[in-house]
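Shown next: input_3.cif, given as mmCIF, C-alpha atoms (C1' of nucleotides).
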data_entry
#
loop_
_atom_site.label_atom_id
_atom_site.label_comp_id
_atom_site.auth_asym_id
_atom_site.auth_seq_id
_atom_site.Cartn_x
_atom_site.Cartn_y
_atom_site.Cartn_z
CA MET A 1 -67.33 -47.96 -37.84
CA PHE A 2 -65.38 -48.02 -34.61
CA ARG A 3 -63.44 -44.96 -33.57
CA ILE A 4 -59.89 -45.77 -32.41
CA ILE A 5 -57.21 -43.78 -30.68
CA PHE A 6 -53.74 -45.23 -31.30
CA PHE A 7 -50.68 -45.04 -29.05
CA GLY A 8 -47.41 -46.25 -30.56
CA THR A 9 -43.92 -45.25 -31.62
CA SER A 10 -41.53 -47.81 -33.07
CA ASP A 11 -41.05 -49.87 -36.21
CA PHE A 12 -42.86 -52.66 -34.39
CA ALA A 13 -45.87 -50.42 -33.83
CA ALA A 14 -46.12 -49.02 -37.36
CA PRO A 15 -47.47 -52.15 -39.13
CA HIS A 16 -50.22 -52.38 -36.50
CA LEU A 17 -51.32 -48.84 -37.17
CA ASP A 18 -51.17 -49.50 -40.88
CA ALA A 19 -53.43 -52.55 -40.53
CA LEU A 20 -56.02 -50.53 -38.58
CA ILE A 21 -55.97 -47.67 -41.08
CA ARG A 22 -56.57 -50.04 -43.99
CA ASP A 23 -59.43 -51.89 -42.26
CA PRO A 24 -62.77 -50.25 -43.16
CA SER A 25 -64.30 -51.34 -39.84
CA PHE A 26 -62.14 -48.80 -38.04
CA GLN A 27 -61.44 -45.11 -38.06
CA VAL A 28 -58.21 -44.00 -36.42
CA ILE A 29 -59.17 -40.61 -35.03
CA ALA A 30 -55.85 -39.74 -33.42
CA VAL A 31 -52.30 -41.03 -33.03
CA VAL A 32 -50.26 -40.37 -29.91
CA THR A 33 -46.54 -41.01 -30.28
CA GLN A 34 -43.25 -40.09 -28.64
CA ALA A 35 -41.61 -36.76 -29.34
CA ASP A 36 -39.01 -36.58 -32.12
CA LYS A 37 -35.71 -37.65 -30.64
CA PRO A 38 -32.12 -36.66 -31.38
CA VAL A 39 -30.50 -39.46 -33.29
CA GLY A 40 -27.09 -40.21 -34.74
CA ARG A 41 -23.73 -38.51 -34.32
CA HIS A 42 -24.94 -34.99 -34.79
CA ALA A 43 -28.10 -35.44 -32.80
CA GLU A 44 -30.55 -34.49 -35.53
CA LEU A 45 -34.19 -34.76 -34.60
CA LYS A 46 -35.86 -37.78 -36.14
CA PRO A 47 -39.60 -38.38 -36.15
CA PRO A 48 -40.69 -41.86 -35.02
CA PRO A 49 -41.99 -44.33 -37.68
CA VAL A 50 -45.55 -44.16 -36.38
CA LYS A 51 -45.63 -40.39 -36.82
CA LEU A 52 -44.48 -40.61 -40.44
CA LEU A 53 -47.12 -43.22 -41.20
CA ALA A 54 -49.91 -41.26 -39.52
CA GLN A 55 -48.97 -38.09 -41.37
CA ARG A 56 -49.03 -39.92 -44.69
CA PHE A 57 -52.68 -40.75 -44.02
CA GLY A 58 -53.49 -37.32 -42.69
CA ILE A 59 -54.22 -38.50 -39.19
CA THR A 60 -53.84 -36.01 -36.35
CA VAL A 61 -50.65 -36.70 -34.38
CA PHE A 62 -49.96 -35.81 -30.74
CA GLN A 63 -46.45 -35.92 -29.29
CA PRO A 64 -46.77 -34.96 -25.63
CA GLN A 65 -43.63 -34.96 -23.48
CA LYS A 66 -45.91 -36.11 -20.71
CA ILE A 67 -49.31 -37.72 -21.22
CA ALA A 68 -50.75 -35.22 -18.77
CA GLU A 69 -50.33 -32.51 -21.41
CA LEU A 70 -53.20 -34.10 -23.35
CA LYS A 71 -55.59 -33.14 -20.58
CA ASP A 72 -55.10 -29.47 -21.38
CA ASP A 73 -54.90 -29.93 -25.14
CA ALA A 74 -58.12 -28.54 -26.66
CA ARG A 75 -57.39 -30.23 -29.99
CA PHE A 76 -57.16 -33.58 -28.23
CA GLN A 77 -60.21 -33.04 -26.07
CA ASN A 78 -62.31 -32.17 -29.14
CA LEU A 79 -61.52 -35.56 -30.66
CA LEU A 80 -63.01 -37.25 -27.61
CA ASN A 81 -66.47 -36.16 -28.64
CA PRO A 82 -68.03 -38.48 -29.44
CA ARG A 83 -66.18 -40.83 -27.14
CA PRO A 84 -63.72 -43.19 -28.89
CA ASP A 85 -64.75 -46.84 -28.83
CA VAL A 86 -61.37 -48.29 -28.04
CA GLY A 87 -57.70 -47.40 -27.65
CA VAL A 88 -54.80 -49.43 -29.04
CA ILE A 89 -51.28 -49.27 -27.65
CA VAL A 90 -48.31 -50.93 -29.34
CA SER A 91 -44.77 -50.23 -28.14
CA TYR A 92 -45.55 -46.65 -27.23
CA GLY A 93 -42.75 -46.36 -24.70
CA LYS A 94 -44.58 -44.82 -21.81
CA ILE A 95 -47.03 -46.00 -19.19
CA LEU A 96 -50.59 -44.78 -19.70
CA PRO A 97 -52.28 -43.21 -16.68
CA GLN A 98 -55.63 -44.50 -15.47
CA TRP A 99 -57.65 -41.62 -16.92
CA ILE A 100 -56.48 -42.63 -20.40
CA LEU A 101 -57.39 -46.26 -19.76
CA ASP A 102 -60.88 -45.12 -18.80
CA LEU A 103 -61.28 -42.85 -21.81
CA PRO A 104 -62.60 -45.26 -24.48
CA ALA A 105 -65.73 -47.29 -23.84
CA PHE A 106 -63.91 -50.59 -24.44
CA GLY A 107 -60.70 -49.58 -22.71
CA ILE A 108 -57.22 -49.92 -24.20
CA VAL A 109 -56.04 -52.97 -26.12
CA ASN A 110 -52.35 -53.85 -26.34
CA VAL A 111 -50.26 -56.03 -28.66
CA HIS A 112 -47.34 -57.56 -26.79
CA ALA A 113 -44.49 -59.45 -28.49
CA SER A 114 -44.57 -62.61 -26.43
CA LEU A 115 -46.91 -65.38 -25.35
CA LEU A 116 -48.14 -63.86 -22.11
CA PRO A 117 -47.82 -64.42 -19.22
CA ARG A 118 -44.29 -65.36 -20.32
CA TRP A 119 -42.00 -62.34 -20.73
CA ARG A 120 -43.96 -59.46 -19.33
CA GLY A 121 -41.93 -56.27 -19.60
CA ALA A 122 -39.92 -54.14 -21.95
CA SER A 123 -37.73 -56.61 -23.88
CA PRO A 124 -39.80 -59.74 -24.61
CA ILE A 125 -38.22 -60.48 -27.98
CA GLN A 126 -34.66 -60.24 -26.68
CA ALA A 127 -35.60 -62.29 -23.61
CA ALA A 128 -37.12 -65.09 -25.68
CA ILE A 129 -34.01 -65.42 -27.85
CA ALA A 130 -31.60 -65.14 -24.93
CA ALA A 131 -33.50 -67.81 -23.02
CA GLY A 132 -33.42 -70.17 -26.01
CA ASP A 133 -37.21 -70.45 -26.24
CA ARG A 134 -38.33 -72.67 -29.11
CA LYS A 135 -41.43 -70.64 -29.79
CA THR A 136 -42.74 -67.21 -29.01
CA GLY A 137 -45.56 -65.13 -30.44
CA VAL A 138 -47.80 -62.14 -30.08
CA THR A 139 -50.56 -61.53 -27.55
CA VAL A 140 -53.53 -59.19 -27.86
CA MET A 141 -54.75 -58.19 -24.41
CA LYS A 142 -56.59 -55.55 -22.46
CA ILE A 143 -54.48 -53.09 -20.51
CA ASP A 144 -55.01 -52.88 -16.79
CA ALA A 145 -53.16 -51.06 -14.06
CA GLU A 146 -50.28 -53.55 -13.85
CA MET A 147 -47.68 -54.05 -16.56
CA ASP A 148 -48.65 -56.66 -19.18
CA HIS A 149 -51.04 -58.09 -16.62
CA GLY A 150 -54.47 -57.58 -18.24
CA PRO A 151 -56.87 -60.24 -19.55
CA LEU A 152 -56.12 -61.95 -22.87
CA LEU A 153 -58.06 -61.58 -26.12
CA ALA A 154 -55.98 -63.63 -28.56
CA THR A 155 -52.52 -65.09 -29.12
CA GLU A 156 -50.62 -66.29 -32.14
CA GLU A 157 -47.50 -68.46 -32.01
CA GLU A 158 -44.33 -67.96 -33.99
CA ILE A 159 -41.60 -70.60 -34.28
CA MET A 160 -38.09 -69.36 -33.50
CA ARG A 161 -35.34 -69.96 -36.04
CA PRO A 162 -31.75 -70.87 -35.11
CA GLU A 163 -30.37 -67.77 -36.80
CA ASP A 164 -33.01 -65.41 -35.42
CA THR A 165 -31.85 -62.00 -34.26
CA ALA A 166 -34.14 -59.67 -32.34
CA GLY A 167 -34.36 -57.50 -35.43
CA ALA A 168 -35.49 -60.32 -37.72
CA LEU A 169 -37.86 -61.87 -35.19
CA SER A 170 -39.37 -58.51 -34.36
CA MET A 171 -40.30 -57.97 -38.01
CA ARG A 172 -42.02 -61.35 -38.21
CA LEU A 173 -43.87 -60.76 -34.95
CA ALA A 174 -44.98 -57.33 -36.14
CA ARG A 175 -46.50 -58.93 -39.22
CA ARG A 176 -48.25 -61.52 -37.03
CA GLY A 177 -49.55 -58.87 -34.70
CA ALA A 178 -50.69 -56.63 -37.52
CA ALA A 179 -52.72 -59.50 -38.97
CA LEU A 180 -54.16 -60.56 -35.62
CA LEU A 181 -55.04 -57.14 -34.25
CA PRO A 182 -57.90 -55.94 -36.53
CA LYS A 183 -59.56 -59.37 -36.48
CA THR A 184 -59.35 -59.64 -32.69
CA LEU A 185 -60.39 -56.06 -32.16
CA ALA A 186 -63.51 -56.50 -34.30
CA GLU A 187 -64.47 -59.66 -32.41
CA TYR A 188 -63.92 -57.96 -29.08
CA LEU A 189 -65.88 -54.84 -29.98
CA ASN A 190 -68.72 -56.97 -31.36
CA LYS A 191 -68.64 -58.96 -28.12
CA LYS A 192 -67.82 -62.22 -29.88
CA ILE A 193 -64.89 -62.85 -27.53
CA LEU A 194 -64.46 -62.09 -23.87
CA PRO A 195 -61.18 -61.19 -22.16
CA THR A 196 -59.83 -64.11 -20.13
CA GLU A 197 -57.62 -63.71 -17.09
CA GLN A 198 -53.92 -64.55 -17.44
CA ASN A 199 -52.41 -67.35 -15.38
CA HIS A 200 -50.53 -65.01 -13.11
CA ALA A 201 -48.66 -67.82 -11.38
CA LYS A 202 -46.76 -68.44 -14.62
CA ALA A 203 -45.73 -64.83 -15.16
CA ILE A 204 -42.06 -64.23 -16.01
CA TYR A 205 -40.59 -60.76 -16.37
CA CYS A 206 -37.89 -59.21 -18.52
CA LYS A 207 -36.19 -55.91 -17.87
CA ILE A 208 -35.44 -52.75 -19.79
CA LEU A 209 -32.09 -53.18 -21.54
CA THR A 210 -29.18 -50.77 -21.48
CA ARG A 211 -25.90 -50.78 -23.39
CA ASP A 212 -24.15 -52.14 -20.34
CA ASP A 213 -26.26 -55.29 -20.55
CA GLY A 214 -24.35 -56.09 -23.74
CA LYS A 215 -21.05 -56.62 -21.94
CA ILE A 216 -20.21 -60.30 -22.29
CA ASP A 217 -19.68 -62.39 -19.19
CA TRP A 218 -17.28 -65.14 -20.26
CA ASN A 219 -18.32 -67.32 -17.34
CA ARG A 220 -21.54 -68.05 -19.16
CA THR A 221 -21.57 -70.94 -21.63
CA SER A 222 -20.92 -70.48 -25.33
CA SER A 223 -24.57 -71.34 -26.07
CA GLU A 224 -25.81 -68.60 -23.77
CA ILE A 225 -23.37 -66.09 -25.22
CA GLU A 226 -24.22 -66.99 -28.81
CA ARG A 227 -27.91 -66.50 -28.05
CA LEU A 228 -27.18 -63.19 -26.35
CA VAL A 229 -25.35 -61.94 -29.43
CA ARG A 230 -28.45 -62.67 -31.53
CA ALA A 231 -30.85 -61.41 -28.87
CA TYR A 232 -29.13 -58.05 -28.60
CA ASP A 233 -28.85 -57.55 -32.37
CA PRO A 234 -29.39 -54.79 -33.43
CA TRP A 235 -29.78 -53.27 -29.96
CA PRO A 236 -28.11 -52.85 -27.48
CA GLY A 237 -25.40 -55.01 -29.08
CA THR A 238 -22.81 -57.19 -27.35
CA TRP A 239 -19.23 -56.19 -26.68
CA MET A 240 -16.05 -56.94 -24.76
CA GLU A 241 -13.24 -54.78 -23.52
CA LEU A 242 -9.98 -54.96 -25.44
CA GLY A 243 -7.32 -52.77 -23.91
CA ASP A 244 -8.95 -49.37 -23.46
CA LYS A 245 -11.30 -49.93 -26.40
CA ARG A 246 -14.45 -51.86 -26.98
CA LEU A 247 -14.85 -54.68 -29.44
CA LYS A 248 -18.39 -55.21 -30.68
CA ILE A 249 -19.33 -58.81 -31.33
CA LEU A 250 -21.74 -58.98 -34.25
CA LYS A 251 -21.79 -62.72 -34.87
CA ALA A 252 -20.50 -65.66 -32.90
CA ARG A 253 -20.38 -69.41 -33.38
CA ILE A 254 -20.23 -72.23 -30.86
CA ARG A 255 -17.09 -74.37 -31.10
CA PRO A 256 -16.19 -77.80 -29.71
CA ASN A 257 -14.92 -77.80 -26.14
CA ASP A 258 -11.31 -78.47 -26.96
CA ALA A 259 -9.22 -75.83 -25.24
CA ALA A 260 -7.84 -76.11 -21.75
CA PHE A 261 -7.82 -72.44 -20.74
CA LYS A 262 -9.74 -70.64 -18.07
CA ALA A 263 -12.92 -68.77 -18.94
CA GLY A 264 -12.23 -65.48 -20.73
CA THR A 265 -8.93 -66.57 -22.28
CA ARG A 266 -8.45 -65.33 -25.83
CA PHE A 267 -6.78 -67.67 -28.30
CA LEU A 268 -6.72 -68.64 -31.96
CA TRP A 269 -8.54 -71.64 -33.37
CA LYS A 270 -7.34 -72.29 -36.93
CA GLY A 271 -6.49 -68.63 -37.21
CA ARG A 272 -9.87 -67.51 -35.92
CA PRO A 273 -10.38 -65.42 -32.79
CA SER A 274 -11.86 -67.61 -30.08
CA VAL A 275 -12.63 -67.22 -26.42
CA LYS A 276 -12.99 -69.78 -23.69
CA CYS A 277 -16.37 -69.57 -21.96
CA GLY A 278 -17.96 -71.17 -18.92
CA GLN A 279 -18.14 -74.93 -18.28
CA GLY A 280 -15.39 -75.71 -20.75
CA THR A 281 -17.21 -74.30 -23.76
CA VAL A 282 -15.60 -72.32 -26.59
CA ILE A 283 -16.95 -69.59 -28.83
CA GLU A 284 -15.56 -68.22 -32.09
CA LEU A 285 -16.03 -64.56 -32.95
CA GLU A 286 -17.14 -64.68 -36.58
CA THR A 287 -17.84 -60.99 -37.14
CA VAL A 288 -16.53 -58.17 -34.96
CA GLN A 289 -16.27 -54.40 -35.04
CA PRO A 290 -13.43 -52.61 -33.25
CA GLU A 291 -14.15 -49.11 -32.01
CA GLY A 292 -13.73 -46.63 -34.85
CA LYS A 293 -13.63 -49.37 -37.48
CA ILE A 294 -16.06 -50.98 -39.85
CA PRO A 295 -17.36 -54.52 -39.17
CA MET A 296 -14.96 -57.27 -40.24
CA SER A 297 -14.53 -61.01 -40.16
CA GLY A 298 -12.73 -62.59 -37.23
CA GLU A 299 -9.84 -63.65 -39.46
CA ALA A 300 -9.37 -60.14 -40.80
CA PHE A 301 -9.50 -58.78 -37.29
CA THR A 302 -6.74 -61.02 -35.93
CA ARG A 303 -4.54 -60.29 -38.95
CA GLY A 304 -4.34 -56.66 -37.96
CA TYR A 305 -4.80 -56.85 -34.18
CA GLN A 306 -1.96 -59.21 -33.47
CA ASN A 307 -2.16 -58.66 -29.73
CA TRP A 308 -5.42 -60.59 -29.65
CA ILE A 309 -3.43 -63.25 -27.83
CA SER A 310 -1.37 -62.03 -24.90
CA LEU A 311 2.14 -63.39 -24.47
CA LYS A 312 1.35 -65.80 -21.67
CA GLU A 313 -1.73 -67.08 -23.41
CA LYS A 314 0.24 -67.50 -26.62
CA LEU A 315 2.58 -69.95 -24.93
CA GLU A 316 -0.39 -71.93 -23.70
CA SER A 317 -2.02 -71.94 -27.10
CA GLU A 318 1.11 -73.30 -28.74
CA MET A 319 1.07 -76.19 -26.33
CA VAL A 320 -2.43 -77.25 -27.26
"C1'" C B 1 -20.47 -26.47 -33.98
"C1'" G B 2 -21.86 -32.87 -27.88
"C1'" C B 3 -17.00 -36.28 -26.92
"C1'" G B 4 -13.62 -39.40 -29.56
"C1'" G B 5 -11.04 -43.01 -33.21
"C1'" G B 6 -9.76 -43.72 -38.32
"C1'" A B 7 -8.43 -43.48 -44.12
"C1'" U B 8 -0.99 -46.70 -46.23
"C1'" A B 9 -1.04 -53.23 -51.78
"C1'" G B 10 -7.13 -57.29 -52.80
"C1'" A B 11 -8.14 -57.75 -46.78
"C1'" G B 12 -6.46 -56.40 -41.77
"C1'" C B 13 -2.64 -53.39 -39.81
"C1'" A B 14 2.69 -51.17 -38.52
"C1'" G B 15 5.56 -47.08 -39.98
"C1'" U B 16 10.48 -43.99 -34.40
"C1'" U B 17 13.56 -37.36 -33.88
"C1'" G B 18 10.92 -35.76 -41.63
"C1'" G B 19 15.74 -39.44 -45.18
"C1'" C B 20 14.92 -45.97 -50.35
"C1'" A B 21 7.18 -48.23 -48.56
"C1'" G B 22 6.79 -52.50 -44.38
"C1'" C B 23 4.15 -56.87 -41.62
"C1'" U B 24 0.39 -60.85 -41.47
"C1'" C B 25 -3.04 -62.99 -44.82
"C1'" G B 26 -4.73 -63.55 -49.73
"C1'" C B 27 -3.28 -63.86 -55.09
"C1'" C B 28 0.30 -65.82 -59.23
"C1'" A B 29 4.49 -69.36 -60.50
"C1'" G B 30 7.45 -73.40 -58.98
"C1'" G B 31 8.79 -77.13 -55.24
"C1'" C B 32 7.65 -80.63 -51.28
"C1'" C B 33 4.43 -84.09 -48.18
"C1'" C B 34 0.38 -90.08 -46.57
"C1'" A B 35 -1.52 -85.75 -44.37
"C1'" U B 36 -2.47 -80.28 -42.31
"C1'" A B 37 -5.47 -73.20 -40.78
"C1'" A B 38 0.11 -77.12 -44.21
"C1'" C B 39 5.30 -76.01 -45.36
"C1'" C B 40 9.64 -74.07 -48.59
"C1'" U B 41 11.39 -70.79 -52.74
"C1'" G B 42 10.35 -66.98 -56.05
"C1'" G B 43 6.87 -63.13 -58.01
"C1'" A B 44 3.07 -59.47 -59.10
"C1'" G B 45 0.41 -55.80 -56.71
"C1'" G B 46 0.99 -48.45 -53.78
"C1'" U B 47 -1.01 -41.26 -56.73
"C1'" C B 48 0.20 -43.46 -48.37
"C1'" G B 49 -8.33 -40.38 -48.88
"C1'" C B 50 -8.38 -35.12 -51.56
"C1'" C B 51 -6.40 -29.92 -51.99
"C1'" G B 52 -2.83 -26.49 -50.49
"C1'" G B 53 1.56 -24.98 -47.31
"C1'" U B 54 6.59 -25.59 -44.85
"C1'" U B 55 11.22 -28.16 -46.52
"C1'" C B 56 16.93 -29.95 -50.32
"C1'" G B 57 13.42 -33.84 -49.07
"C1'" A B 58 6.59 -35.09 -46.27
"C1'" G B 59 3.04 -41.42 -45.18
"C1'" U B 60 5.37 -38.40 -41.18
"C1'" C B 61 4.96 -31.32 -39.65
"C1'" C B 62 0.96 -27.13 -40.60
"C1'" G B 63 -4.00 -25.40 -42.76
"C1'" G B 64 -8.48 -26.72 -45.31
"C1'" C B 65 -11.83 -30.53 -47.40
"C1'" U B 66 -14.28 -35.40 -48.22
"C1'" C B 67 -15.62 -40.10 -46.44
"C1'" C B 68 -16.04 -44.20 -42.53
"C1'" C B 69 -16.80 -45.47 -37.50
"C1'" G B 70 -17.12 -45.77 -31.68
"C1'" C B 71 -19.45 -43.19 -27.44
"C1'" A B 72 -23.30 -40.16 -25.62
"C1'" A B 73 -28.51 -38.66 -26.14
#

The structure in this file should be written as structure tokens.
Amino acid sequence: MFRIIFFGTSDFAAPHLDALIRDPSFQVIAVVTQADKPVGRHAELKPPPVKLLAQRFGITVFQPQKIAELKDDARFQNLLNPRPDVGVIVSYGKILPQWILDLPAFGIVNVHASLLPRWRGASPIQAAIAAGDRKTGVTVMKIDAEMDHGPLLATEEEIMRPEDTAGALSMRLARRGAALLPKTLAEYLNKKILPTEQNHAKAIYCKILTRDDGKIDWNRTSSEIERLVRAYDPWPGTWMELGDKRLKILKARIRPNDAAFKAGTRFLWKGRPSVKCGQGTVIELETVQPEGKIPMSGEAFTRGYQNWISLKEKLESEMV
RNA sequence: CGCGGGAUAGAGCAGUUGGCAGCUCGCCAGGCCCAUAACCUGGAGGUCGCCGGUUCGAGUCCGGCUCCCGCAA
């Protein structure tokens, strides 16, 4: 039985930990996860999904603010004897220092939510949707000093669906990864597969997202914007400014290029809120959420917010 | 007690210095057109979130409560 130390935090990580726990070839000796974080309007502390899962199975959990704290943690150091066979890291949220990578005999194995070397970085699922990729997948690889740069152990493809949001796709990829990980790990530890170098020339990177990334640039085409709305659902979300408030855009639909306004112009298309985008394209806002309000259909929104169209733009829209 | 917005007809909203409860859409009935997100006429539909206070009179002012949401982390 192989002794595993698991690093992970999110909902994406949890199914992977679950798969390892249930596999009799492995023993998860410790789980390292992020500290409980304040969440919601009243900033209550919420434990991460991986912690809840580990506790349910009685596995020792570590939540260091900094990894370095583990060096001085007697409880942690005791678990290292005998030496763990391998470490697994899945969306942990922090970079592991070299001394951790050197800890287990077989190093640290990572599950990444893309087909590496495409979409190295922190937001591979969002990047794949935003880019309009037709397929994506999960990659099992060995961690090295550079981000998502280590040699590959296995990959599994997943076909993208036209309605895919990051939330939905992430769940499917987590299931894929959770199925692939124990199998691959066993083969690797039994030396049935060897890590193979990535094709570094083909590497493409994606960045860490912030809420500001969700601000819509109307100069982009309606296809790009529609993909962005799905890519950033449920986080960080897409939005536009409307007066001094924000309007969240929860669902959008591409419309025929039939309006002669400049990019960013708001108008009505059969009573539905629409915006002119780049290169003559048009997008309809199907579901929106004004600040301080619940989500609503575009039609309902324009019924109440009758200044959706400004005066000048209204004249233009009546001419079309 | 992190900052802030909100609750009024089935939906989305307006409601001024307190003085008859409104708009757009939907719904029902009738009419009209080759046709339309149609259009015209009429109609139904409200305990203005809850409790208390001020007042001749409160959707509106004051106090408390419940619920929903945006931001931040």

(request) Go through the shown structure with the PyMOL selection byres ((chain B and resi 71) around 12) and write out the matching residues as a PyMOL selection string. (result) (chain A and resi 40-41+211+245-246+291-292) or (chain B and resi 2-5+69-70+72-73)

(message) Running the PyMOL selection byres ((chain A and resi 3-9) around 7) on this model by hand, what would come out? Give it as number ranges by chain.
(response) A: 1-2, 10, 13, 26-34, 48-50, 84-92

(message) Running the PyMOL selection byres ((chain A and resi 164) around 12) on this model by hand, what would come out? Give it as a PyMOL selection string.
(response) chain A and resi 125-126+128-130+132-136+158-163+165-173+226-234+251

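Distance-wise, C1' of C33 (chain B) and CA of Arg303 (chain A) end up 27.1 Å apart.
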
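The interatomic distance for the pair CA of Ala113 (chain A) and CA of Gly137 (chain A) works out to 6.1 Å.
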
(message) I'd like the neighbourhood of Pro117 (chain A) as a VMD selection string, where a residue qualifies if any of its atoms comes within 12 Å (using all atoms listed in the file), though same-chain residues fewer than 3 positions away should be ignored.
(response) chain A and resid 112 to 114 120 to 121 124 136 to 141 147 to 152 155 197 to 206

Each chain A residue no farther than 7 Å from chain B, nearest pair in Å, only C-alpha atoms (C1' of nucleotides), as a tab-separated table:
residue	atom	partner	partner_atom	distance
A:Pro38	CA	B:A73	C1'	6.7
A:Lys270	CA	B:A37	C1'	4.4
A:Gly271	CA	B:A37	C1'	5.9
A:Glu291	CA	B:G70	C1'	4.5
A:Gly292	CA	B:C69	C1'	4.2
A:Lys293	CA	B:C69	C1'	5.0
A:Ile294	CA	B:C69	C1'	6.0
A:Ala300	CA	B:G12	C1'	4.8
A:Phe301	CA	B:G12	C1'	5.9
A:Arg303	CA	B:G12	C1'	5.2
A:Gly304	CA	B:C13	C1'	4.1
A:Tyr305	CA	B:C13	C1'	7.0

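Here CA of Val282 (chain A) and CA of Trp308 (chain A) stand 15.8 Å from one another.
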
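Residue nearest Leu242 (chain A), chosen from A:Lys215, A:Lys46, A:Arg83, A:Arg175 and counting only C-alpha atoms: A:Lys215.
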
(request) Would you mind telling me which residue in A:Glu156, A:Pro195, A:Pro97, A:Ile59 lies nearest to Ala179 (chain A) when using all atoms listed in the file? (result) A:Glu156

(message) Counting only C-alpha atoms (C1' of nucleotides), I want the residues whose atoms come within 7 Å of (-18.7, -77.1, -26.9) in the file frame, returned as a PyMOL selection string.
(response) chain A and resi 254-257+281-282

Could those selected residues go to a file with C-alpha atoms, as a PDB file, in the coordinates of the input?
ATOM      1  CA  ILE A 254     -20.230 -72.230 -30.860  1.00  0.00           C
ATOM      2  CA  ARG A 255     -17.090 -74.370 -31.100  1.00  0.00           C
ATOM      3  CA  PRO A 256     -16.190 -77.800 -29.710  1.00  0.00           C
ATOM      4  CA  ASN A 257     -14.920 -77.800 -26.140  1.00  0.00           C
ATOM      5  CA  THR A 281     -17.210 -74.300 -23.760  1.00  0.00           C
ATOM      6  CA  VAL A 282     -15.600 -72.320 -26.590  1.00  0.00           C
TER       7      VAL A 282
END

(request) Find, counting all atoms listed in the file, the residue in A:Ala43, A:Leu153, A:Leu20, A:Ala174 that gets nearest to Glu187 (chain A). (result) A:Leu153

Region 58-73 of chain B: axis-aligned bounding box, 8 Å on each side, centre and edge lengths in Å, one decimal, as AutoDock Vina command-line options:
--center_x -11.0 --center_y -35.6 --center_z -36.9 --size_x 51.1 --size_y 36.4 --size_z 38.6

(message) Report as a ChimeraX atom specification all protein, DNA and RNA residues lying within 12 Å of C28 (chain B), evaluated on all atoms listed in the file, omitting residues in the same chain fewer than 6 positions from it.
(response) /B:42-45

For region 87-98 of chain A, where the input has fewer atoms than it should, I would like N, CA and C atoms rebuilt and written as a PDB file, keeping the file's coordinate frame.
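Written output follows (selection-v1.pdb):
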ATOM      1  N   GLY A  87     -59.060 -47.861 -27.432  1.00  0.00           N
ATOM      2  CA  GLY A  87     -57.700 -47.400 -27.650  1.00  0.00           C
ATOM      3  C   GLY A  87     -56.809 -48.602 -27.955  1.00  0.00           C
ATOM      4  N   VAL A  88     -55.765 -48.366 -28.754  1.00  0.00           N
ATOM      5  CA  VAL A  88     -54.800 -49.430 -29.040  1.00  0.00           C
ATOM      6  C   VAL A  88     -53.420 -48.906 -28.698  1.00  0.00           C
ATOM      7  N   ILE A  89     -52.652 -49.677 -27.961  1.00  0.00           N
ATOM      8  CA  ILE A  89     -51.280 -49.270 -27.650  1.00  0.00           C
ATOM      9  C   ILE A  89     -50.315 -50.366 -28.066  1.00  0.00           C
ATOM     10  N   VAL A  90     -49.334 -49.998 -28.894  1.00  0.00           N
ATOM     11  CA  VAL A  90     -48.310 -50.930 -29.340  1.00  0.00           C
ATOM     12  C   VAL A  90     -46.951 -50.248 -29.229  1.00  0.00           C
ATOM     13  N   SER A  91     -46.113 -50.754 -28.393  1.00  0.00           N
ATOM     14  CA  SER A  91     -44.770 -50.230 -28.140  1.00  0.00           C
ATOM     15  C   SER A  91     -44.738 -48.696 -28.226  1.00  0.00           C
ATOM     16  N   TYR A  92     -45.496 -48.108 -27.297  1.00  0.00           N
ATOM     17  CA  TYR A  92     -45.550 -46.650 -27.230  1.00  0.00           C
ATOM     18  C   TYR A  92     -44.337 -46.103 -26.487  1.00  0.00           C
ATOM     19  N   GLY A  93     -43.966 -46.769 -25.407  1.00  0.00           N
ATOM     20  CA  GLY A  93     -42.750 -46.360 -24.700  1.00  0.00           C
ATOM     21  C   GLY A  93     -43.006 -45.657 -23.398  1.00  0.00           C
ATOM     22  N   LYS A  94     -44.264 -45.444 -23.085  1.00  0.00           N
ATOM     23  CA  LYS A  94     -44.580 -44.820 -21.810  1.00  0.00           C
ATOM     24  C   LYS A  94     -45.787 -45.520 -21.199  1.00  0.00           C
ATOM     25  N   ILE A  95     -45.895 -45.418 -19.887  1.00  0.00           N
ATOM     26  CA  ILE A  95     -47.030 -46.000 -19.190  1.00  0.00           C
ATOM     27  C   ILE A  95     -48.226 -45.055 -19.291  1.00  0.00           C
ATOM     28  N   LEU A  96     -49.391 -45.611 -19.610  1.00  0.00           N
ATOM     29  CA  LEU A  96     -50.590 -44.780 -19.700  1.00  0.00           C
ATOM     30  C   LEU A  96     -51.239 -44.634 -18.327  1.00  0.00           C
ATOM     31  N   PRO A  97     -51.606 -43.426 -17.956  1.00  0.00           N
ATOM     32  CA  PRO A  97     -52.280 -43.210 -16.680  1.00  0.00           C
ATOM     33  C   PRO A  97     -53.715 -43.737 -16.729  1.00  0.00           C
ATOM     34  N   GLN A  98     -54.297 -43.888 -15.562  1.00  0.00           N
ATOM     35  CA  GLN A  98     -55.630 -44.500 -15.470  1.00  0.00           C
ATOM     36  C   GLN A  98     -56.683 -43.720 -16.263  1.00  0.00           C
TER      37      GLN A  98
END
